[in-house]
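The structure appears right after this line, and notes come after that.
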Amino acid sequence: MSDIVSSALASGGCHLYGGCGFPAPGTEIFEFSPIAQYKFLGIEFVINKPMLVVIMCAALVIIFFTVAFAKPRLIPGKVQGIGEMGYMFVRDQISRETIGKEGDKFLPFLVSLFFFIFFMNVMGIIPGMQFPPTALFVMPVSLAIMVWLTYMFIGMRKQGPIKFFTNMMFPPGVPAPVLVILAPIEFLSNVIIRPFTLAIRLMAN
């Protein structure tokens, strides 16, 4: 059996019926040759397959919601109806569940982000695409940093920089001895660790 495996590997014929089982894919599946390259202000930009998919997903979100709500009607058509269903889902199942009614002002951002991620994930099962850009760690990291910066900015603007951190680290009603342990944990989890956990969860999904 070992001779079969060795000969199959040597000839490059290691496949499901080659006697050596299923060959696990390596990191080469994440290497993409550039489709287009250009320079702008001395910086070189490269467009490859994942970047092209990202651009397409962003365009899909913009085009779909532009068409759905360009001329809204009291009795919605099919496209407007689907758009309203998506909007209501994000509002009722995500925004109001976690933020409350105050989150309604952020719905354009949340809806755009939700469907942008949704379209990118769906690309993993579309023939010809078959690759979700969120599988590349740089994409969920970028989105997580954007959300984290928005969260920090809004929190500091509403509560003030000092109160934002004190409210986070010192919840009311917690005994003082517990705060010695809780305060640094809350600071680390909300300010330092959260962007990484958000990015890892998005990539894993």
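Ligands are numbered from 1 in the order shown, chains are lettered A, B, ... in the order of the structure tokens, and residues start at 1 in each chain.
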
Q: Determine, counting only C-alpha atoms, which protein, DNA and RNA residues have an atom within 12 Å of an atom of Gln130 in chain A; residues of the same chain fewer than 5 positions away are not included. Present the result as an NGL selection string.
A: :A and (29 or 49-50 or 53 or 120-125 or 135)

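Among the candidate residues A:Leu136, A:Leu188, A:Leu74, A:Val141, the one lying nearest to Phe30 in chain A is A:Leu136, with distances computed using only C-alpha atoms.
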
Q) Could you name the residues that touch Leu202 in chain A at 10 Å or less, counting only C-alpha atoms, but leaving out those on the same chain fewer than 5 positions away, as a ChimeraX atom specification? A) /A:117,121,134-135,137,139-141,143-144,196-197

Q.
Write out as a ChimeraX atom specification the set of residues from range 24-129 of chain A that DSSP, computed on the backbone, places in alpha helix (DSSP H).
A. /A:49-69,78-89,96-98,107-122

**Q.** range 79-82 of chain A environment, 10 Å, only C-alpha atoms, sequence neighbours closer than 4 positions dropped, as a PyMOL selection string
**A.** chain A and resi 64-73+75+86-88

Taking all heavy atoms for each residue, export the selection above as a CSV table (one decimal), in the first residue's frame.
chain,number,residue,atom,x,y,z
A,64,PHE,N,-29.7,46.9,-6.0
A,64,PHE,CA,-30.9,46.3,-5.5
A,64,PHE,C,-31.8,47.3,-4.7
A,64,PHE,O,-33.0,47.5,-5.0
A,64,PHE,CB,-30.7,45.1,-4.7
A,64,PHE,CG,-31.9,44.5,-4.0
A,64,PHE,CD1,-32.8,43.8,-4.8
A,64,PHE,CD2,-32.2,44.8,-2.7
A,64,PHE,CE1,-34.0,43.3,-4.2
A,64,PHE,CE2,-33.3,44.3,-2.1
A,64,PHE,CZ,-34.2,43.5,-2.8
A,65,PHE,N,-31.1,48.0,-3.8
A,65,PHE,CA,-31.9,48.9,-2.9
A,65,PHE,C,-32.3,50.2,-3.6
A,65,PHE,O,-33.3,50.9,-3.3
A,65,PHE,CB,-31.2,49.2,-1.6
A,65,PHE,CG,-31.3,48.0,-0.6
A,65,PHE,CD1,-30.2,47.2,-0.5
A,65,PHE,CD2,-32.4,47.8,0.1
A,65,PHE,CE1,-30.3,46.1,0.4
A,65,PHE,CE2,-32.5,46.8,1.0
A,65,PHE,CZ,-31.5,45.9,1.1
A,66,THR,N,-31.5,50.6,-4.6
A,66,THR,CA,-31.8,51.8,-5.5
A,66,THR,C,-33.1,51.5,-6.3
A,66,THR,O,-34.0,52.3,-6.3
A,66,THR,CB,-30.7,52.1,-6.4
A,66,THR,OG1,-29.5,52.5,-5.6
A,66,THR,CG2,-31.0,53.3,-7.2
A,67,VAL,N,-33.1,50.3,-6.9
A,67,VAL,CA,-34.3,49.9,-7.7
A,67,VAL,C,-35.5,49.7,-6.8
A,67,VAL,O,-36.6,50.1,-7.1
A,67,VAL,CB,-34.0,48.6,-8.5
A,67,VAL,CG1,-35.2,48.0,-9.1
A,67,VAL,CG2,-32.9,48.8,-9.5
A,68,ALA,N,-35.3,49.1,-5.6
A,68,ALA,CA,-36.4,48.8,-4.7
A,68,ALA,C,-37.1,50.0,-4.1
A,68,ALA,O,-38.3,50.0,-4.0
A,68,ALA,CB,-35.9,47.9,-3.5
A,69,PHE,N,-36.3,51.0,-3.8
A,69,PHE,CA,-36.9,52.2,-3.2
A,69,PHE,C,-36.7,53.5,-4.0
A,69,PHE,O,-36.9,54.6,-3.4
A,69,PHE,CB,-36.2,52.4,-1.8
A,69,PHE,CG,-36.5,51.2,-0.9
A,69,PHE,CD1,-35.4,50.4,-0.5
A,69,PHE,CD2,-37.7,50.9,-0.4
A,69,PHE,CE1,-35.6,49.3,0.3
A,69,PHE,CE2,-38.0,49.9,0.4
A,69,PHE,CZ,-36.9,49.0,0.8
A,70,ALA,N,-36.4,53.4,-5.3
A,70,ALA,CA,-36.3,54.6,-6.1
A,70,ALA,C,-37.7,55.3,-6.2
A,70,ALA,O,-37.7,56.5,-6.1
A,70,ALA,CB,-35.8,54.3,-7.5
A,71,LYS,N,-38.7,54.5,-6.4
A,71,LYS,CA,-40.1,55.1,-6.5
A,71,LYS,C,-41.0,54.2,-5.6
A,71,LYS,O,-41.8,53.4,-6.1
A,71,LYS,CB,-40.6,55.1,-7.9
A,71,LYS,CG,-39.8,56.0,-8.9
A,71,LYS,CD,-40.3,55.9,-10.3
A,71,LYS,CE,-39.5,56.8,-11.2
A,71,LYS,NZ,-40.0,56.7,-12.6
A,72,PRO,N,-40.9,54.5,-4.2
A,72,PRO,CA,-41.7,53.6,-3.3
A,72,PRO,C,-43.2,53.9,-3.5
A,72,PRO,O,-43.6,55.0,-3.7
A,72,PRO,CB,-41.2,54.1,-1.9
A,72,PRO,CG,-40.6,55.4,-2.2
A,72,PRO,CD,-40.0,55.4,-3.5
A,73,ARG,N,-43.9,52.8,-3.4
A,73,ARG,CA,-45.4,52.9,-3.5
A,73,ARG,C,-46.1,52.4,-2.3
A,73,ARG,O,-45.5,51.6,-1.5
A,73,ARG,CB,-45.9,52.1,-4.7
A,73,ARG,CG,-45.4,52.6,-6.1
A,73,ARG,CD,-45.9,51.8,-7.2
A,73,ARG,NE,-45.4,50.4,-7.2
A,73,ARG,CZ,-45.7,49.5,-8.1
A,73,ARG,NH1,-46.6,49.8,-9.0
A,73,ARG,NH2,-45.2,48.3,-8.0
A,75,ILE,N,-48.6,50.4,-2.1
A,75,ILE,CA,-48.7,48.9,-2.3
A,75,ILE,C,-47.5,48.5,-3.1
A,75,ILE,O,-47.3,48.8,-4.3
A,75,ILE,CB,-50.0,48.6,-3.1
A,75,ILE,CG1,-51.2,49.1,-2.4
A,75,ILE,CG2,-50.1,47.1,-3.4
A,75,ILE,CD1,-52.5,48.9,-3.2
A,86,GLY,N,-36.4,42.6,3.8
A,86,GLY,CA,-35.0,42.6,4.3
A,86,GLY,C,-34.7,43.7,5.3
A,86,GLY,O,-34.1,43.5,6.3
A,87,TYR,N,-35.3,44.9,5.0
A,87,TYR,CA,-35.1,46.0,5.9
A,87,TYR,C,-35.8,45.7,7.3
A,87,TYR,O,-35.2,46.0,8.3
A,87,TYR,CB,-35.8,47.3,5.3
A,87,TYR,CG,-35.6,48.5,6.1
A,87,TYR,CD1,-34.5,49.4,5.9
A,87,TYR,CD2,-36.6,48.9,7.0
A,87,TYR,CE1,-34.4,50.6,6.7
A,87,TYR,CE2,-36.5,50.1,7.7
A,87,TYR,CZ,-35.4,50.9,7.6
A,87,TYR,OH,-35.3,52.1,8.3
A,88,MET,N,-37.0,45.2,7.2
A,88,MET,CA,-37.7,44.9,8.5
A,88,MET,C,-37.0,43.8,9.3
A,88,MET,O,-37.0,43.8,10.5
A,88,MET,CB,-39.2,44.5,8.1
A,88,MET,CG,-40.0,45.6,7.5
A,88,MET,SD,-40.3,47.0,8.6
A,88,MET,CE,-41.6,46.3,9.6

Q: Within 9 Å of Arg91 in chain A, counting only C-alpha atoms, which residues show up once you throw out same-chain ones fewer than 6 positions away? Write them as a PyMOL selection string, please.
A: chain A and resi 97+101+103-104+107+110-111

Q: Quick one: everything within 12 Å of Val147 in chain A, counting only C-alpha atoms, minus sequence neighbours fewer than 4 positions away in the same chain. Send it as a list in words.
A: Phe106, Phe109, Leu110, Leu113, Phe114, Pro140, Val141, Ser142, Leu143, Tyr151, Met152, Phe153, Ile154, Arg194, Pro195, Phe196, Leu198 and Ala199 of chain A

With all heavy atoms kept, could you save the residues just selected as a compact mmCIF listing (two decimals), in the first residue's frame?
# COMPACT_ATOMS: atom_id res chain seq x y z
N PHE A 106 -29.54 54.09 12.82
CA PHE A 106 -28.38 53.45 12.21
C PHE A 106 -28.76 52.36 11.22
O PHE A 106 -27.90 51.63 10.73
CB PHE A 106 -27.48 52.85 13.30
CG PHE A 106 -27.05 53.82 14.35
CD1 PHE A 106 -27.55 53.75 15.64
CD2 PHE A 106 -26.16 54.84 14.04
CE1 PHE A 106 -27.17 54.65 16.60
CE2 PHE A 106 -25.77 55.76 15.01
CZ PHE A 106 -26.28 55.67 16.30
N PHE A 109 -26.94 51.99 7.75
CA PHE A 109 -25.62 51.38 7.90
C PHE A 109 -25.73 49.88 8.16
O PHE A 109 -25.03 49.07 7.53
CB PHE A 109 -24.87 52.07 9.04
CG PHE A 109 -23.57 51.41 9.42
CD1 PHE A 109 -22.49 51.44 8.56
CD2 PHE A 109 -23.43 50.75 10.63
CE1 PHE A 109 -21.28 50.83 8.90
CE2 PHE A 109 -22.24 50.15 10.98
CZ PHE A 109 -21.17 50.18 10.12
N LEU A 110 -26.63 49.49 9.07
CA LEU A 110 -26.77 48.08 9.44
C LEU A 110 -27.31 47.24 8.28
O LEU A 110 -26.84 46.12 8.04
CB LEU A 110 -27.69 47.95 10.65
CG LEU A 110 -27.17 48.57 11.95
CD1 LEU A 110 -28.24 48.51 13.04
CD2 LEU A 110 -25.91 47.85 12.42
N LEU A 113 -24.55 46.87 5.63
CA LEU A 113 -23.52 45.94 6.11
C LEU A 113 -24.03 44.51 6.09
O LEU A 113 -23.32 43.60 5.65
CB LEU A 113 -23.10 46.34 7.52
CG LEU A 113 -21.90 45.60 8.12
CD1 LEU A 113 -20.64 45.87 7.32
CD2 LEU A 113 -21.69 46.01 9.58
N PHE A 114 -25.26 44.29 6.55
CA PHE A 114 -25.82 42.94 6.59
C PHE A 114 -25.89 42.32 5.21
O PHE A 114 -25.44 41.19 5.00
CB PHE A 114 -27.23 42.98 7.22
CG PHE A 114 -27.92 41.64 7.22
CD1 PHE A 114 -27.72 40.75 8.26
CD2 PHE A 114 -28.77 41.29 6.19
CE1 PHE A 114 -28.35 39.52 8.27
CE2 PHE A 114 -29.41 40.06 6.19
CZ PHE A 114 -29.21 39.17 7.22
N PRO A 140 -12.95 40.35 6.81
CA PRO A 140 -13.63 40.51 8.10
C PRO A 140 -12.91 41.45 9.05
O PRO A 140 -13.55 42.14 9.84
CB PRO A 140 -13.70 39.08 8.67
CG PRO A 140 -12.74 38.29 7.87
CD PRO A 140 -12.66 38.93 6.54
N VAL A 141 -11.57 41.50 8.99
CA VAL A 141 -10.83 42.44 9.83
C VAL A 141 -11.20 43.88 9.47
O VAL A 141 -11.44 44.71 10.35
CB VAL A 141 -9.31 42.22 9.71
CG1 VAL A 141 -8.54 43.40 10.27
CG2 VAL A 141 -8.89 40.95 10.44
N SER A 142 -11.26 44.17 8.18
CA SER A 142 -11.61 45.53 7.73
C SER A 142 -13.01 45.91 8.20
O SER A 142 -13.23 47.02 8.70
CB SER A 142 -11.53 45.62 6.21
OG SER A 142 -10.24 45.28 5.76
N LEU A 143 -13.97 44.99 8.05
CA LEU A 143 -15.34 45.27 8.46
C LEU A 143 -15.44 45.41 9.98
O LEU A 143 -16.15 46.29 10.48
CB LEU A 143 -16.27 44.15 7.97
CG LEU A 143 -16.42 44.02 6.45
CD1 LEU A 143 -17.26 42.79 6.10
CD2 LEU A 143 -17.05 45.27 5.85
N TYR A 151 -18.60 52.20 16.69
CA TYR A 151 -19.07 51.97 18.07
C TYR A 151 -18.36 52.89 19.07
O TYR A 151 -19.00 53.51 19.92
CB TYR A 151 -18.83 50.49 18.40
CG TYR A 151 -18.82 50.15 19.87
CD1 TYR A 151 -20.02 50.02 20.58
CD2 TYR A 151 -17.63 49.93 20.55
CE1 TYR A 151 -20.01 49.69 21.93
CE2 TYR A 151 -17.61 49.60 21.89
CZ TYR A 151 -18.81 49.48 22.58
OH TYR A 151 -18.79 49.16 23.90
N MET A 152 -17.04 52.98 18.93
CA MET A 152 -16.27 53.83 19.84
C MET A 152 -16.63 55.31 19.66
O MET A 152 -16.80 56.05 20.64
CB MET A 152 -14.78 53.62 19.61
CG MET A 152 -14.28 52.21 19.89
SD MET A 152 -14.30 51.78 21.64
CE MET A 152 -12.93 52.76 22.24
N PHE A 153 -16.75 55.75 18.41
CA PHE A 153 -17.06 57.15 18.13
C PHE A 153 -18.43 57.54 18.68
O PHE A 153 -18.58 58.58 19.34
CB PHE A 153 -17.00 57.40 16.62
CG PHE A 153 -17.47 58.77 16.21
CD1 PHE A 153 -16.66 59.89 16.41
CD2 PHE A 153 -18.72 58.94 15.64
CE1 PHE A 153 -17.10 61.15 16.05
CE2 PHE A 153 -19.16 60.20 15.28
CZ PHE A 153 -18.35 61.30 15.48
N ILE A 154 -19.44 56.71 18.40
CA ILE A 154 -20.80 57.02 18.86
C ILE A 154 -20.87 57.00 20.39
O ILE A 154 -21.50 57.86 21.01
CB ILE A 154 -21.81 56.03 18.25
CG1 ILE A 154 -21.90 56.24 16.74
CG2 ILE A 154 -23.18 56.19 18.90
CD1 ILE A 154 -22.70 55.19 16.01
N ARG A 194 -12.49 42.79 21.19
CA ARG A 194 -13.71 42.73 20.38
C ARG A 194 -13.46 42.78 18.88
O ARG A 194 -14.07 41.99 18.14
CB ARG A 194 -14.67 43.85 20.80
CG ARG A 194 -15.94 43.90 19.96
CD ARG A 194 -16.97 44.81 20.55
NE ARG A 194 -17.56 44.25 21.75
CZ ARG A 194 -18.49 44.87 22.47
NH1 ARG A 194 -18.90 46.08 22.13
NH2 ARG A 194 -19.01 44.29 23.54
N PRO A 195 -12.62 43.67 18.34
CA PRO A 195 -12.41 43.65 16.87
C PRO A 195 -11.92 42.31 16.36
O PRO A 195 -12.32 41.86 15.29
CB PRO A 195 -11.35 44.75 16.65
CG PRO A 195 -11.42 45.61 17.85
CD PRO A 195 -11.83 44.73 18.98
N PHE A 196 -11.05 41.64 17.13
CA PHE A 196 -10.52 40.35 16.69
C PHE A 196 -11.59 39.26 16.76
O PHE A 196 -11.70 38.42 15.86
CB PHE A 196 -9.31 39.97 17.54
CG PHE A 196 -8.16 40.91 17.40
CD1 PHE A 196 -7.93 41.90 18.35
CD2 PHE A 196 -7.30 40.85 16.31
CE1 PHE A 196 -6.88 42.80 18.21
CE2 PHE A 196 -6.25 41.74 16.17
CZ PHE A 196 -6.03 42.70 17.11
N LEU A 198 -14.85 39.66 16.56
CA LEU A 198 -15.81 39.91 15.48
C LEU A 198 -15.27 39.43 14.14
O LEU A 198 -15.98 38.81 13.35
CB LEU A 198 -16.13 41.42 15.40
CG LEU A 198 -16.98 42.01 16.54
CD1 LEU A 198 -17.04 43.52 16.39
CD2 LEU A 198 -18.37 41.41 16.55
N ALA A 199 -13.99 39.71 13.87
CA ALA A 199 -13.39 39.31 12.61
C ALA A 199 -13.30 37.80 12.48
O ALA A 199 -13.62 37.21 11.44
CB ALA A 199 -11.99 39.93 12.48

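Here the residues within range 7-205 of chain A that DSSP labels strand (DSSP E or B) on the basis of the backbone are Ala36, Gln37, Tyr38, Lys39, Phe40, Ile43, Glu44, Phe45, Val46 and Ile47 of chain A.
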
Selected residues, all heavy atoms, written as a tab-separated table (two decimals), in the first residue's frame, please.
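Output below, filename result.tsv:
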chain	number	residue	atom	x	y	z
A	36	ALA	N	-6.11	42.71	-12.91
A	36	ALA	CA	-5.71	44.03	-13.41
A	36	ALA	C	-4.81	44.68	-12.37
A	36	ALA	O	-4.93	44.43	-11.17
A	36	ALA	CB	-6.94	44.89	-13.68
A	37	GLN	N	-3.86	45.50	-12.85
A	37	GLN	CA	-2.95	46.23	-11.98
A	37	GLN	C	-2.84	47.67	-12.47
A	37	GLN	O	-2.83	47.92	-13.68
A	37	GLN	CB	-1.56	45.59	-11.98
A	37	GLN	CG	-1.50	44.22	-11.33
A	37	GLN	CD	-0.11	43.61	-11.42
A	37	GLN	OE1	0.24	43.02	-12.44
A	37	GLN	NE2	0.67	43.75	-10.36
A	38	TYR	N	-2.77	48.61	-11.54
A	38	TYR	CA	-2.58	50.00	-11.91
A	38	TYR	C	-1.97	50.75	-10.74
A	38	TYR	O	-2.01	50.30	-9.60
A	38	TYR	CB	-3.90	50.65	-12.34
A	38	TYR	CG	-4.95	50.72	-11.26
A	38	TYR	CD1	-5.10	51.86	-10.49
A	38	TYR	CD2	-5.81	49.64	-11.02
A	38	TYR	CE1	-6.06	51.94	-9.49
A	38	TYR	CE2	-6.77	49.71	-10.04
A	38	TYR	CZ	-6.90	50.85	-9.28
A	38	TYR	OH	-7.85	50.93	-8.29
A	39	LYS	N	-1.39	51.90	-11.05
A	39	LYS	CA	-0.77	52.74	-10.03
A	39	LYS	C	-1.53	54.05	-9.90
A	39	LYS	O	-1.96	54.63	-10.89
A	39	LYS	CB	0.70	53.02	-10.37
A	39	LYS	CG	1.63	51.87	-10.05
A	39	LYS	CD	3.08	52.28	-10.21
A	39	LYS	CE	4.02	51.15	-9.78
A	39	LYS	NZ	5.44	51.56	-9.86
A	40	PHE	N	-1.69	54.49	-8.65
A	40	PHE	CA	-2.35	55.77	-8.39
A	40	PHE	C	-1.60	56.45	-7.26
A	40	PHE	O	-1.48	55.92	-6.16
A	40	PHE	CB	-3.81	55.54	-8.01
A	40	PHE	CG	-4.57	56.81	-7.74
A	40	PHE	CD1	-4.92	57.66	-8.78
A	40	PHE	CD2	-4.92	57.15	-6.44
A	40	PHE	CE1	-5.62	58.83	-8.53
A	40	PHE	CE2	-5.61	58.33	-6.18
A	40	PHE	CZ	-5.97	59.17	-7.23
A	43	ILE	N	1.05	54.48	-5.60
A	43	ILE	CA	0.63	53.25	-4.90
A	43	ILE	C	0.10	52.27	-5.93
A	43	ILE	O	-0.73	52.62	-6.78
A	43	ILE	CB	-0.44	53.55	-3.85
A	43	ILE	CG1	0.07	54.58	-2.84
A	43	ILE	CG2	-0.87	52.27	-3.12
A	43	ILE	CD1	-0.99	55.07	-1.88
A	44	GLU	N	0.59	51.03	-5.86
A	44	GLU	CA	0.16	50.01	-6.82
A	44	GLU	C	-1.07	49.29	-6.28
A	44	GLU	O	-1.10	48.81	-5.15
A	44	GLU	CB	1.28	48.98	-7.04
A	44	GLU	CG	0.94	48.00	-8.15
A	44	GLU	CD	2.11	47.10	-8.50
A	44	GLU	OE1	3.18	47.26	-7.89
A	44	GLU	OE2	1.93	46.24	-9.37
A	45	PHE	N	-2.11	49.25	-7.11
A	45	PHE	CA	-3.35	48.57	-6.76
A	45	PHE	C	-3.50	47.34	-7.65
A	45	PHE	O	-3.23	47.39	-8.85
A	45	PHE	CB	-4.55	49.49	-6.96
A	45	PHE	CG	-4.58	50.66	-6.01
A	45	PHE	CD1	-3.93	51.85	-6.32
A	45	PHE	CD2	-5.25	50.56	-4.80
A	45	PHE	CE1	-3.95	52.92	-5.45
A	45	PHE	CE2	-5.28	51.63	-3.92
A	45	PHE	CZ	-4.64	52.82	-4.23
A	46	VAL	N	-3.93	46.25	-7.03
A	46	VAL	CA	-4.11	45.00	-7.75
A	46	VAL	C	-5.54	44.53	-7.56
A	46	VAL	O	-6.06	44.50	-6.44
A	46	VAL	CB	-3.14	43.91	-7.23
A	46	VAL	CG1	-3.40	42.59	-7.94
A	46	VAL	CG2	-1.70	44.34	-7.44
A	47	ILE	N	-6.19	44.18	-8.65
A	47	ILE	CA	-7.55	43.61	-8.59
A	47	ILE	C	-7.45	42.14	-8.95
A	47	ILE	O	-7.03	41.79	-10.06
A	47	ILE	CB	-8.51	44.34	-9.56
A	47	ILE	CG1	-8.65	45.81	-9.14
A	47	ILE	CG2	-9.87	43.66	-9.58
A	47	ILE	CD1	-9.53	46.62	-10.06

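Here CA of Pro171 in chain A and CA of Glu102 in chain A stand 21.0 Å from one another.
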
Q. Near Asn190 in chain A, within 10 Å and counting only C-alpha atoms, which residues show up once chain neighbours fewer than 3 positions away are dropped, as an NGL selection string?
A. :A and (148 or 152 or 165 or 168-169 or 184-187 or 193-195)

Selection export as a short mmCIF file (atom, residue, chain, number, x, y, z; two decimals), in the first residue's frame, atoms kept: N, CA and C atoms:
data_model
loop_
_atom_site.label_atom_id
_atom_site.label_comp_id
_atom_site.auth_asym_id
_atom_site.auth_seq_id
_atom_site.Cartn_x
_atom_site.Cartn_y
_atom_site.Cartn_z
N TRP A 148 -16.09 48.67 14.83
CA TRP A 148 -15.52 49.01 16.13
C TRP A 148 -15.28 50.52 16.25
N MET A 152 -17.04 52.98 18.93
CA MET A 152 -16.27 53.83 19.84
C MET A 152 -16.63 55.31 19.66
N PHE A 165 -15.75 55.25 29.09
CA PHE A 165 -14.90 54.19 29.63
C PHE A 165 -15.28 53.83 31.06
N MET A 168 -18.34 51.68 31.04
CA MET A 168 -18.00 50.36 30.51
C MET A 168 -17.29 49.51 31.57
N MET A 169 -16.35 50.11 32.27
CA MET A 169 -15.49 49.36 33.17
C MET A 169 -16.08 49.20 34.58
N PRO A 184 -10.63 45.64 34.38
CA PRO A 184 -9.69 45.38 33.27
C PRO A 184 -10.23 44.38 32.25
N ILE A 185 -11.05 43.41 32.74
CA ILE A 185 -11.64 42.44 31.80
C ILE A 185 -12.58 43.15 30.83
N GLU A 186 -13.43 44.05 31.37
CA GLU A 186 -14.37 44.79 30.52
C GLU A 186 -13.62 45.67 29.53
N PHE A 187 -12.56 46.32 29.98
CA PHE A 187 -11.78 47.18 29.08
C PHE A 187 -11.15 46.35 27.96
N ILE A 193 -10.09 43.29 22.51
CA ILE A 193 -10.35 41.94 21.99
C ILE A 193 -11.51 41.92 21.00
N ARG A 194 -12.49 42.79 21.19
CA ARG A 194 -13.71 42.73 20.38
C ARG A 194 -13.46 42.78 18.88
N PRO A 195 -12.62 43.67 18.34
CA PRO A 195 -12.41 43.65 16.87
C PRO A 195 -11.92 42.31 16.36
#
